[in-house]
file query.cif (mmCIF, C-alpha atoms)
data_upload
#
loop_
_atom_site.group_PDB
_atom_site.id
_atom_site.type_symbol
_atom_site.label_atom_id
_atom_site.label_comp_id
_atom_site.auth_asym_id
_atom_site.auth_seq_id
_atom_site.Cartn_x
_atom_site.Cartn_y
_atom_site.Cartn_z
ATOM 1 C CA MET A 300 -18.289 3.935 11.824
ATOM 2 C CA THR A 301 -19.261 1.050 9.569
ATOM 3 C CA THR A 302 -16.767 -0.029 6.927
ATOM 4 C CA ASP A 303 -19.001 -2.466 5.017
ATOM 5 C CA TRP A 304 -18.704 -0.226 1.985
ATOM 6 C CA ILE A 305 -14.971 -0.956 1.817
ATOM 7 C CA GLU A 306 -15.810 -4.590 1.043
ATOM 8 C CA GLU A 307 -17.923 -3.346 -1.870
ATOM 9 C CA VAL A 308 -14.992 -1.291 -3.137
ATOM 10 C CA LYS A 309 -12.689 -4.302 -2.852
ATOM 11 C CA SER A 310 -15.108 -6.500 -4.816
ATOM 12 C CA LYS A 311 -14.968 -4.039 -7.724
ATOM 13 C CA PHE A 312 -11.261 -3.192 -7.526
ATOM 14 C CA PHE A 313 -9.368 -6.200 -6.116
ATOM 15 C CA THR A 314 -9.992 -8.528 -9.074
ATOM 16 C CA SER A 315 -7.544 -10.914 -10.731
ATOM 17 C CA CYS A 316 -8.367 -9.752 -14.276
ATOM 18 C CA LEU A 317 -8.082 -6.184 -15.516
ATOM 19 C CA GLU A 318 -11.215 -6.748 -17.595
ATOM 20 C CA GLU A 319 -13.249 -7.425 -14.433
ATOM 21 C CA ILE A 320 -12.387 -4.161 -12.658
ATOM 22 C CA ASP A 321 -15.244 -1.699 -12.195
ATOM 23 C CA ILE A 322 -13.104 1.316 -11.328
ATOM 24 C CA ASP A 323 -15.899 3.865 -11.797
ATOM 25 C CA GLY A 324 -18.193 1.849 -9.542
ATOM 26 C CA ALA A 325 -15.481 1.575 -6.877
ATOM 27 C CA ILE A 326 -14.780 5.318 -7.052
ATOM 28 C CA GLN A 327 -18.468 6.210 -6.753
ATOM 29 C CA ILE A 328 -18.892 4.035 -3.638
ATOM 30 C CA LYS A 329 -15.725 5.539 -2.176
ATOM 31 C CA LYS A 330 -16.878 9.102 -2.945
ATOM 32 C CA ASN A 331 -20.191 8.464 -1.197
ATOM 33 C CA ASN A 332 -18.238 7.521 1.944
ATOM 34 C CA THR A 333 -15.385 10.039 1.836
ATOM 35 C CA PRO A 334 -15.224 12.064 5.085
ATOM 36 C CA LYS A 335 -15.953 15.752 4.729
ATOM 37 C CA LYS A 336 -12.830 16.498 6.760
ATOM 38 C CA LEU A 337 -9.396 14.951 6.324
ATOM 39 C CA PHE A 338 -6.343 16.343 8.095
ATOM 40 C CA LYS A 339 -2.656 16.661 7.282
ATOM 41 C CA TYR A 340 -0.286 17.211 10.214
ATOM 42 C CA ARG A 341 2.760 19.354 9.424
ATOM 43 C CA GLU A 342 5.815 20.951 10.955
ATOM 44 C CA ALA A 343 5.822 24.737 10.939
ATOM 45 C CA ASN A 344 8.464 24.987 8.218
ATOM 46 C CA ASP A 345 8.700 26.750 4.856
ATOM 47 C CA PHE A 346 7.704 23.632 2.874
ATOM 48 C CA ALA A 347 4.467 23.228 4.833
ATOM 49 C CA ILE A 348 3.671 26.928 4.691
ATOM 50 C CA ASN A 349 4.123 26.821 0.916
ATOM 51 C CA ASN A 350 1.502 24.044 0.818
ATOM 52 C CA LEU A 351 -0.774 26.311 2.847
ATOM 53 C CA ARG A 352 -0.093 29.216 0.519
ATOM 54 C CA ASP A 353 -0.745 27.108 -2.593
ATOM 55 C CA SER A 354 -3.614 24.999 -1.207
ATOM 56 C CA SER A 355 -1.640 21.898 -2.047
ATOM 57 C CA LEU A 356 -0.356 18.598 -0.660
ATOM 58 C CA HIS A 357 3.109 17.115 -0.997
ATOM 59 C CA CYS A 358 3.184 13.623 -2.525
ATOM 60 C CA THR A 359 6.327 11.531 -2.294
ATOM 61 C CA PHE A 360 7.607 7.939 -2.517
ATOM 62 C CA ALA A 361 6.566 5.279 0.015
ATOM 63 C CA SER A 362 10.271 4.581 0.593
ATOM 64 C CA LYS A 363 10.434 7.948 2.397
ATOM 65 C CA PHE A 364 7.805 6.959 4.998
ATOM 66 C CA ASN A 365 8.455 5.733 8.542
ATOM 67 C CA ASP A 366 6.783 2.336 7.976
ATOM 68 C CA PRO A 367 9.286 -0.128 6.431
ATOM 69 C CA TYR A 368 6.371 -2.289 5.239
ATOM 70 C CA ASP A 369 4.643 0.577 3.424
ATOM 71 C CA SER A 370 3.429 -0.425 -0.073
ATOM 72 C CA THR A 371 4.886 -3.925 0.155
ATOM 73 C CA MET A 372 3.189 -7.233 -0.571
ATOM 74 C CA LEU A 373 3.631 -10.970 -0.749
ATOM 75 C CA PHE A 374 2.978 -12.929 -3.914
ATOM 76 C CA ASP A 375 3.545 -16.284 -5.529
ATOM 77 C CA PRO A 376 6.608 -15.758 -7.773
ATOM 78 C CA TYR A 377 5.419 -18.674 -9.916
ATOM 79 C CA PHE A 378 2.060 -16.976 -10.592
ATOM 80 C CA GLY A 379 -0.200 -19.889 -9.812
ATOM 81 C CA LYS A 380 1.966 -22.605 -11.319
ATOM 82 C CA SER A 381 3.497 -24.973 -8.811
ATOM 83 C CA TYR A 382 7.258 -24.980 -8.437
ATOM 84 C CA THR A 383 7.217 -28.744 -8.917
ATOM 85 C CA SER A 384 5.362 -28.517 -12.251
ATOM 86 C CA GLN A 385 7.735 -25.835 -13.518
ATOM 87 C CA LEU A 386 10.725 -27.906 -12.485
ATOM 88 C CA ALA A 387 9.201 -30.904 -14.245
ATOM 89 C CA GLN A 388 9.092 -28.931 -17.500
ATOM 90 C CA GLN A 389 12.776 -28.097 -17.098
ATOM 91 C CA LEU A 390 13.916 -31.603 -16.126
ATOM 92 C CA ILE A 391 11.919 -33.787 -18.494
ATOM 93 C CA THR A 392 12.391 -32.117 -21.854
ATOM 94 C CA GLY A 393 10.591 -33.917 -24.644
ATOM 95 C CA THR A 394 9.115 -36.505 -22.278
ATOM 96 C CA SER A 395 5.855 -36.099 -20.420
ATOM 97 C CA LEU A 396 4.772 -37.791 -17.256
ATOM 98 C CA THR A 397 1.641 -39.898 -17.462
ATOM 99 C CA ALA A 398 -1.533 -38.735 -15.742
ATOM 100 C CA VAL A 399 -1.143 -41.559 -13.209
ATOM 101 C CA GLU A 400 2.433 -40.515 -12.430
ATOM 102 C CA ILE A 401 1.488 -36.852 -12.050
ATOM 103 C CA ASP A 402 -1.392 -37.785 -9.757
ATOM 104 C CA PHE A 403 0.914 -39.941 -7.679
ATOM 105 C CA ILE A 404 3.545 -37.178 -7.412
ATOM 106 C CA TYR A 405 1.057 -34.628 -6.112
ATOM 107 C CA ARG A 406 -0.380 -37.083 -3.564
ATOM 108 C CA THR A 407 2.990 -37.826 -2.012
ATOM 109 C CA GLU A 408 4.197 -36.175 1.170
ATOM 110 C CA ASP A 409 7.102 -34.626 -0.754
ATOM 111 C CA PRO A 410 6.115 -33.981 -4.415
ATOM 112 C CA LEU A 411 9.503 -32.457 -5.260
ATOM 113 C CA LYS A 412 11.376 -35.532 -4.041
ATOM 114 C CA ALA A 413 8.922 -37.811 -5.883
ATOM 115 C CA LEU A 414 9.479 -35.830 -9.093
ATOM 116 C CA LEU A 415 13.249 -36.260 -8.829
ATOM 117 C CA GLU A 416 12.862 -39.987 -8.207
ATOM 118 C CA PHE A 417 10.713 -40.303 -11.344
ATOM 119 C CA TYR A 418 13.244 -38.263 -13.314
ATOM 120 C CA PHE A 419 16.231 -40.426 -12.396
ATOM 121 C CA ASP A 420 14.135 -43.548 -13.004
ATOM 122 C CA LYS A 421 13.258 -42.369 -16.539
ATOM 123 C CA PHE A 422 16.827 -41.307 -17.275
ATOM 124 C CA PRO A 423 19.014 -43.954 -15.611
ATOM 125 C CA ASP A 424 22.717 -43.206 -15.374
ATOM 126 C CA PRO A 425 25.570 -44.725 -13.319
ATOM 127 C CA SER A 426 26.130 -41.351 -11.720
ATOM 128 C CA ASN A 427 22.528 -40.996 -10.538
ATOM 129 C CA PRO A 428 22.328 -40.093 -6.846
ATOM 130 C CA SER A 429 21.262 -42.487 -4.122
ATOM 131 C CA THR A 430 18.017 -42.120 -2.193
ATOM 132 C CA GLU A 431 19.891 -39.989 0.329
ATOM 133 C CA GLY A 432 21.394 -37.993 -2.527
ATOM 134 C CA ILE A 433 17.944 -37.346 -4.017
ATOM 135 C CA GLN A 434 16.748 -36.074 -0.631
ATOM 136 C CA LYS A 435 19.699 -33.672 -0.442
ATOM 137 C CA LEU A 436 19.073 -32.553 -4.031
ATOM 138 C CA ALA A 437 15.413 -31.887 -3.219
ATOM 139 C CA GLU A 438 16.499 -29.799 -0.218
ATOM 140 C CA SER A 439 18.903 -27.849 -2.437
ATOM 141 C CA PHE A 440 16.123 -27.115 -4.938
ATOM 142 C CA ARG A 441 13.862 -25.961 -2.104
ATOM 143 C CA ALA A 442 16.562 -23.666 -0.721
ATOM 144 C CA LEU A 443 17.154 -22.219 -4.194
ATOM 145 C CA LYS A 444 13.425 -21.702 -4.673
ATOM 146 C CA GLU A 445 13.162 -19.882 -1.317
ATOM 147 C CA LYS A 446 16.164 -17.672 -2.098
ATOM 148 C CA THR A 447 14.875 -16.840 -5.575
ATOM 149 C CA SER A 448 11.367 -16.137 -4.274
ATOM 150 C CA LEU A 449 12.645 -13.783 -1.585
ATOM 151 C CA GLU A 450 14.813 -11.931 -4.090
ATOM 152 C CA LEU A 451 11.924 -11.544 -6.549
ATOM 153 C CA ILE A 452 9.551 -10.288 -3.854
ATOM 154 C CA SER A 453 12.160 -7.947 -2.353
ATOM 155 C CA ASN A 454 13.075 -6.465 -5.731
ATOM 156 C CA LEU A 455 9.458 -5.877 -6.714
ATOM 157 C CA ASN A 456 8.619 -4.303 -3.353
ATOM 158 C CA SER A 457 11.603 -1.978 -3.673
ATOM 159 C CA LYS A 458 10.374 -0.875 -7.093
ATOM 160 C CA MET A 459 6.826 -0.350 -5.814
ATOM 161 C CA GLN A 460 8.027 1.791 -2.912
ATOM 162 C CA ASN A 461 9.636 4.107 -5.442
ATOM 163 C CA MET A 462 6.875 4.122 -8.019
ATOM 164 C CA TYR A 463 3.724 6.097 -7.188
ATOM 165 C CA LYS A 464 3.565 9.415 -5.321
ATOM 166 C CA ILE A 465 1.663 9.168 -2.044
ATOM 167 C CA CYS A 466 0.323 11.608 0.543
ATOM 168 C CA SER A 467 -1.193 10.435 3.840
ATOM 169 C CA LEU A 468 -4.098 12.135 5.603
ATOM 170 C CA SER A 469 -6.179 11.267 8.655
ATOM 171 C CA GLU A 470 -9.813 11.367 9.695
ATOM 172 C CA ARG A 471 -8.572 12.402 13.138
ATOM 173 C CA LEU A 472 -7.598 15.812 14.443
ATOM 174 C CA ASP A 473 -7.660 14.793 18.105
ATOM 175 C CA SER A 474 -4.776 12.283 18.185
ATOM 176 C CA LEU A 475 -2.126 13.131 20.768
ATOM 177 C CA LEU A 476 0.182 10.615 19.100
ATOM 178 C CA MET A 477 -0.126 12.077 15.615
ATOM 179 C CA TRP A 478 0.325 15.612 16.857
ATOM 180 C CA GLY A 479 3.468 14.344 18.559
ATOM 181 C CA HIS A 480 4.802 12.295 15.629
ATOM 182 C CA TYR A 481 3.826 14.405 12.618
ATOM 183 C CA GLY A 482 3.012 17.796 14.163
ATOM 184 C CA SER A 483 6.481 18.518 15.550
ATOM 185 C CA GLN A 484 5.631 17.581 19.163
ATOM 186 C CA HIS A 485 2.483 19.762 19.044
ATOM 187 C CA LYS A 486 4.538 22.762 17.804
ATOM 188 C CA GLY A 487 3.337 22.365 14.211
ATOM 189 C CA PHE A 488 -0.051 22.726 12.578
ATOM 190 C CA ALA A 489 -2.653 20.743 10.650
ATOM 191 C CA MET A 490 -4.549 21.552 7.468
ATOM 192 C CA GLU A 491 -8.105 20.416 6.795
ATOM 193 C CA TYR A 492 -9.146 19.299 3.302
ATOM 194 C CA ASP A 493 -12.583 18.438 1.931
ATOM 195 C CA PHE A 494 -12.304 15.931 -0.917
ATOM 196 C CA SER A 495 -16.005 15.087 -0.705
ATOM 197 C CA SER A 496 -16.714 18.436 -2.376
ATOM 198 C CA LEU A 497 -14.798 17.492 -5.527
ATOM 199 C CA PRO A 498 -16.592 16.277 -8.674
ATOM 200 C CA VAL A 499 -16.282 12.537 -9.290
ATOM 201 C CA GLU A 500 -13.993 13.084 -12.282
ATOM 202 C CA ASP A 501 -11.444 15.163 -10.313
ATOM 203 C CA LEU A 502 -7.991 13.523 -10.257
ATOM 204 C CA MET A 503 -7.283 14.126 -6.565
ATOM 205 C CA GLY A 504 -10.633 12.691 -5.524
ATOM 206 C CA ARG A 505 -10.211 9.656 -7.757
ATOM 207 C CA CYS A 506 -6.737 8.996 -6.358
ATOM 208 C CA LEU A 507 -7.871 9.197 -2.711
ATOM 209 C CA TRP A 508 -8.423 5.809 -1.024
ATOM 210 C CA PRO A 509 -9.033 4.510 2.527
ATOM 211 C CA VAL A 510 -6.260 2.482 4.140
ATOM 212 C CA ILE A 511 -7.079 -1.133 5.039
ATOM 213 C CA TYR A 512 -5.516 -2.479 8.247
ATOM 214 C CA SER A 513 -4.540 -6.122 8.658
ATOM 215 C CA GLU A 514 -2.504 -8.523 10.796
ATOM 216 C CA HIS A 515 -0.705 -9.848 7.712
ATOM 217 C CA ILE A 516 1.218 -8.458 4.755
ATOM 218 C CA TYR A 517 -1.060 -8.238 1.744
ATOM 219 C CA ASP A 518 -0.881 -11.365 -0.432
ATOM 220 C CA ALA A 519 -1.343 -10.290 -4.063
ATOM 221 C CA SER A 520 -0.937 -13.749 -5.596
ATOM 222 C CA ASN A 521 -4.526 -13.827 -6.835
ATOM 223 C CA LEU A 522 -4.042 -10.474 -8.607
ATOM 224 C CA LEU A 523 -0.893 -11.655 -10.382
ATOM 225 C CA VAL A 524 -2.079 -15.114 -11.349
ATOM 226 C CA HIS A 525 -2.745 -14.048 -14.962
ATOM 227 C CA MET A 526 0.598 -12.299 -15.423
ATOM 228 C CA GLY A 527 1.956 -13.377 -18.802
ATOM 229 C CA SER A 528 -1.327 -15.028 -19.805
ATOM 230 C CA PRO A 529 -2.328 -14.475 -23.474
ATOM 231 C CA GLU A 530 -6.032 -14.850 -22.616
ATOM 232 C CA LYS A 531 -6.416 -12.445 -19.679
ATOM 233 C CA SER A 532 -4.739 -9.262 -18.483
ATOM 234 C CA PHE A 533 -3.585 -9.238 -14.864
ATOM 235 C CA ASN A 534 -4.663 -6.426 -12.556
ATOM 236 C CA ASN A 535 -1.917 -3.850 -13.181
ATOM 237 C CA MET A 536 -3.247 -1.679 -10.334
ATOM 238 C CA VAL A 537 -1.716 -4.118 -7.868
ATOM 239 C CA ALA A 538 0.818 -1.512 -6.671
ATOM 240 C CA ILE A 539 -2.014 0.851 -5.696
ATOM 241 C CA ILE A 540 -3.815 -1.976 -3.899
ATOM 242 C CA ALA A 541 -0.642 -2.933 -2.003
ATOM 243 C CA SER A 542 -0.210 0.716 -0.975
ATOM 244 C CA LEU A 543 -3.616 0.641 0.729
ATOM 245 C CA HIS A 544 -2.661 -2.114 3.185
ATOM 246 C CA LYS A 545 -0.968 -1.378 6.504
ATOM 247 C CA ALA A 546 -0.360 -3.159 9.792
ATOM 248 C CA LYS A 547 -3.009 -2.952 12.514
ATOM 249 C CA ASP A 548 -0.490 -1.061 14.660
ATOM 250 C CA TRP A 549 -1.318 1.983 12.530
ATOM 251 C CA GLU A 550 -5.095 1.624 12.764
ATOM 252 C CA TYR A 551 -5.460 4.473 15.257
ATOM 253 C CA GLU A 552 -4.451 6.892 12.476
ATOM 254 C CA ARG A 553 -7.609 6.175 10.430
ATOM 255 C CA GLU A 554 -5.642 7.028 7.349
ATOM 256 C CA TRP A 555 -6.689 7.904 3.836
ATOM 257 C CA ARG A 556 -4.047 8.334 1.177
ATOM 258 C CA ILE A 557 -3.682 9.961 -2.175
ATOM 259 C CA ILE A 558 -1.871 7.649 -4.608
ATOM 260 C CA ILE A 559 -0.834 9.430 -7.796
ATOM 261 C CA PRO A 560 0.173 7.288 -10.812
ATOM 262 C CA ASP A 561 3.411 8.893 -11.915
ATOM 263 C CA SER A 562 6.746 8.084 -13.464
ATOM 264 C CA PRO A 563 9.285 6.565 -11.041
ATOM 265 C CA THR A 564 11.869 8.948 -12.488
ATOM 266 C CA SER A 565 9.885 12.102 -11.716
ATOM 267 C CA PRO A 566 10.601 13.761 -8.350
ATOM 268 C CA PRO A 567 8.107 14.188 -5.488
ATOM 269 C CA GLN A 568 5.789 17.106 -6.108
ATOM 270 C CA ASN A 569 2.858 19.167 -4.835
ATOM 271 C CA PHE A 570 -0.714 18.760 -6.060
ATOM 272 C CA ARG A 571 -3.592 21.191 -5.586
ATOM 273 C CA ALA A 572 -6.147 20.132 -2.966
ATOM 274 C CA PRO A 573 -9.392 21.575 -1.465
ATOM 275 C CA LEU A 574 -7.987 23.304 1.644
ATOM 276 C CA LYS A 575 -10.694 24.464 4.086
ATOM 277 C CA ALA A 576 -9.164 25.353 7.484
ATOM 278 C CA VAL A 577 -5.988 25.484 9.574
ATOM 279 C CA TYR A 578 -5.342 24.208 13.117
ATOM 280 C CA LEU A 579 -2.369 25.293 15.220
ATOM 281 C CA GLY A 580 -0.694 22.902 17.638
ATOM 282 C CA SER A 581 -1.205 23.419 21.365
ATOM 283 C CA LYS A 582 2.516 24.231 21.876
ATOM 284 C CA ILE A 583 3.180 26.176 18.681
ATOM 285 C CA GLU A 584 5.647 29.044 19.011
ATOM 286 C CA GLU A 585 4.166 32.526 18.720
ATOM 287 C CA LYS A 586 6.259 33.513 15.692
ATOM 288 C CA ASP A 587 5.108 30.403 13.795
ATOM 289 C CA ALA A 588 1.481 30.947 14.778
ATOM 290 C CA GLU A 589 1.616 34.526 13.502
ATOM 291 C CA LYS A 590 3.195 33.469 10.206
ATOM 292 C CA ILE A 591 0.646 30.711 9.595
ATOM 293 C CA TYR A 592 -2.275 32.907 10.653
ATOM 294 C CA LYS A 593 -1.160 35.607 8.200
ATOM 295 C CA GLU A 594 -1.049 33.154 5.283
ATOM 296 C CA ALA A 595 -4.398 31.610 6.217
ATOM 297 C CA ASN A 596 -6.006 35.025 6.630
ATOM 298 C CA LEU A 597 -4.918 36.023 3.119
ATOM 299 C CA LYS A 598 -6.783 32.961 1.846
ATOM 300 C CA GLN A 599 -9.805 33.685 4.081
ATOM 301 C CA LEU A 600 -9.378 30.367 5.850
ATOM 302 C CA PRO A 601 -10.589 29.929 9.450
ATOM 303 C CA VAL A 602 -7.784 29.313 11.963
ATOM 304 C CA PHE A 603 -8.155 27.302 15.175
ATOM 305 C CA GLN A 604 -5.771 26.248 17.917
ATOM 306 C CA MET A 605 -5.788 22.954 19.798
ATOM 307 C CA LYS A 606 -6.430 23.422 23.513
ATOM 308 C CA LEU A 607 -5.763 20.777 26.159
ATOM 309 C CA SER A 608 -8.594 19.618 28.416
ATOM 310 C CA GLN A 609 -7.980 20.130 32.122
ATOM 311 C CA SER A 610 -9.729 16.889 33.123
ATOM 312 C CA GLU A 611 -9.195 14.420 30.232
ATOM 313 C CA PHE A 612 -6.419 13.352 27.845
ATOM 314 C CA LYS A 613 -8.181 15.265 25.131
ATOM 315 C CA MET A 614 -7.762 18.240 22.812
ATOM 316 C CA LEU A 615 -10.384 20.526 21.309
ATOM 317 C CA PRO A 616 -10.004 23.157 18.584
ATOM 318 C CA VAL A 617 -10.982 26.712 19.503
ATOM 319 C CA PRO A 618 -10.897 29.835 17.282
ATOM 320 C CA TYR A 619 -7.419 31.332 17.253
ATOM 321 C CA VAL A 620 -7.129 34.903 18.461
ATOM 322 C CA PRO A 621 -3.829 36.543 17.430
#

call {"tool": "encode", "arguments": {"input": "query.cif", "output": "structure tokens"}}
result
Amino acid sequence: MTTDWIEEVKSKFFTSCLEEIDIDGAIQIKKNNTPKKLFKYREANDFAINNLRDSSLHCTFASKFNDPYDSTMLFDPYFGKSYTSQLAQQLITGTSLTAVEIDFIYRTEDPLKALLEFYFDKFPDPSNPSTEGIQKLAESFRALKEKTSLELISNLNSKMQNMYKICSLSERLDSLLMWGHYGSQHKGFAMEYDFSSLPVEDLMGRCLWPVIYSEHIYDASNLLVHMGSPEKSFNNMVAIIASLHKAKDWEYEREWRIIIPDSPTSPPQNFRAPLKAVYLGSKIEEKDAEKIYKEANLKQLPVFQMKLSQSEFKMLPVPYVP
């Protein structure tokens, strides 16, 4: 399956300025490529059966998921301004470096050390450190910068993981791994949803996005570069964008996820979704199968059961006969 259309979505959505986002264009492209069938694997418990009964999906915080990197990102804590230039503003109050000096500083092997040397040259004092002392001071500043950067990134990621409400779905129904991980070792069931049938203005359809898999943590520096700028508004959808990026280890899941903008103080909740069919796990217990079949039958939903191939590591759904 080609994913060229995802690049089109990114070009309209992953912009550094809020004013440049074409959200309606991105949503229309996404809708044109939304699979007709997306699946949610569940345990055969009362919470899942309530979702079946209500034709709903449970959306919760990313911090509850099994991926510790979920909805995290990297970014430049100095938002496009170099640490050296910011430090220069703090150190040389009321005095500006000349253009020649600035150019020289940035062409040196160690701009931070060069800045400190210029500072102590402009403000001579008997207690000024030696060359070795300046080197140690530069190392201290770098260590402080690293510590501060890590704290800023960690704090923001923690907030993002407890911000929006998310529900994960998959294009795949045939994954032995997902039936094992999310379908209670094949004793659970899966529900099929069709978001492609929803009108373009429907909230659930608008909040459904494909996951993008990568070797690296998403770097959102370019989206935050205008943070605090009086001229341009930064892309405040950066948390949604970060939530769409996952490690390549998860690529086999072919995940789509619903990301609901919601208050961080509101609890996880269920949202109505276009439920179309139910699939029982290959090892589901009879009492659970009967309970799920009864609920699905009341809603006039077709029910299938996964059957194991006798010659391949493969499962196929067949109509369930109670």

call {"tool": "residues_around", "arguments": {"input": "query.cif", "residues": "stretch 561-570 of chain A", "least_positions_apart": "4", "cutoff": "12 Å", "atoms": "all atoms listed in the file", "output": "ChimeraX atom specification"}}
result
/A:346-347,349-363,457-466,502-504,506,538-539,557,574

call {"tool": "resolve_selection", "arguments": {"input": "query.cif", "expression": "the PyMOL selection byres ((chain A and resi 621) around 12)", "output": "list in words"}}
result
Leu579, Glu585, Lys586, Asp587, Ala588, Glu589, Lys590, Ile591, Tyr592, Lys593, Asn596, Val602, Phe603, Gln604, Pro618, Tyr619 and Val620 of chain A

call {"tool": "closest_residue", "arguments": {"input": "query.cif", "among": "A:Ile583, A:Met605, A:Leu543, A:Leu507", "to": "A:Ile559", "atoms": "all atoms listed in the file"}}
result
A:Leu507

call {"tool": "closest_residue", "arguments": {"input": "query.cif", "among": "A:Ser532, A:Ser495, A:Ser467, A:Ser426", "to": "A:Lys339", "atoms": "only C-alpha atoms"}}
result
A:Ser467

call {"tool": "closest_residue", "arguments": {"input": "query.cif", "among": "A:Ile433, A:Val537, A:Ile511, A:Met490", "to": "A:Asn456", "atoms": "all atoms listed in the file"}}
result
A:Val537

call {"tool": "closest_residue", "arguments": {"input": "query.cif", "among": "A:Leu468, A:Leu476, A:Ala572, A:Leu373", "to": "A:Glu450", "atoms": "only C-alpha atoms"}}
result
A:Leu373

call {"tool": "closest_residue", "arguments": {"input": "query.cif", "among": "A:Ile322, A:Ala489, A:Ala541, A:Leu411", "to": "A:Arg341", "atoms": "all atoms listed in the file"}}
result
A:Ala489

call {"tool": "resolve_selection", "arguments": {"input": "query.cif", "expression": "the PyMOL selection byres ((chain A and resi 312-319) around 10)", "output": "PyMOL selection string"}}
result
chain A and resi 306-311+320-326+519-526+531-537+540

call {"tool": "closest_residue", "arguments": {"input": "query.cif", "among": "A:Ile328, A:Ala437, A:Met477, A:Ile305", "to": "A:Glu550", "atoms": "all atoms listed in the file"}}
result
A:Met477

call {"tool": "atom_distance", "arguments": {"input": "query.cif", "atom1": "atom CA of A:Lys412", "atom2": "atom CA of A:Gln434"}}
result
6.4 Å

call {"tool": "residues_around", "arguments": {"input": "query.cif", "residues": "A:Lys613", "least_positions_apart": "6", "cutoff": "8 Å", "atoms": "all atoms listed in the file", "output": "PyMOL selection string"}}
result
chain A and resi 473+475+607

call {"tool": "residues_near_point", "arguments": {"input": "query.cif", "point": "(3.7, -8.6, 1.0)", "cutoff": "7 Å", "atoms": "only C-alpha atoms", "output": "PyMOL selection string"}}
result
chain A and resi 371-374+516-518

call {"tool": "atom_distance", "arguments": {"input": "query.cif", "atom1": "atom CA of A:Ala576", "atom2": "atom CA of A:Asp345"}}
result
18.1 Å
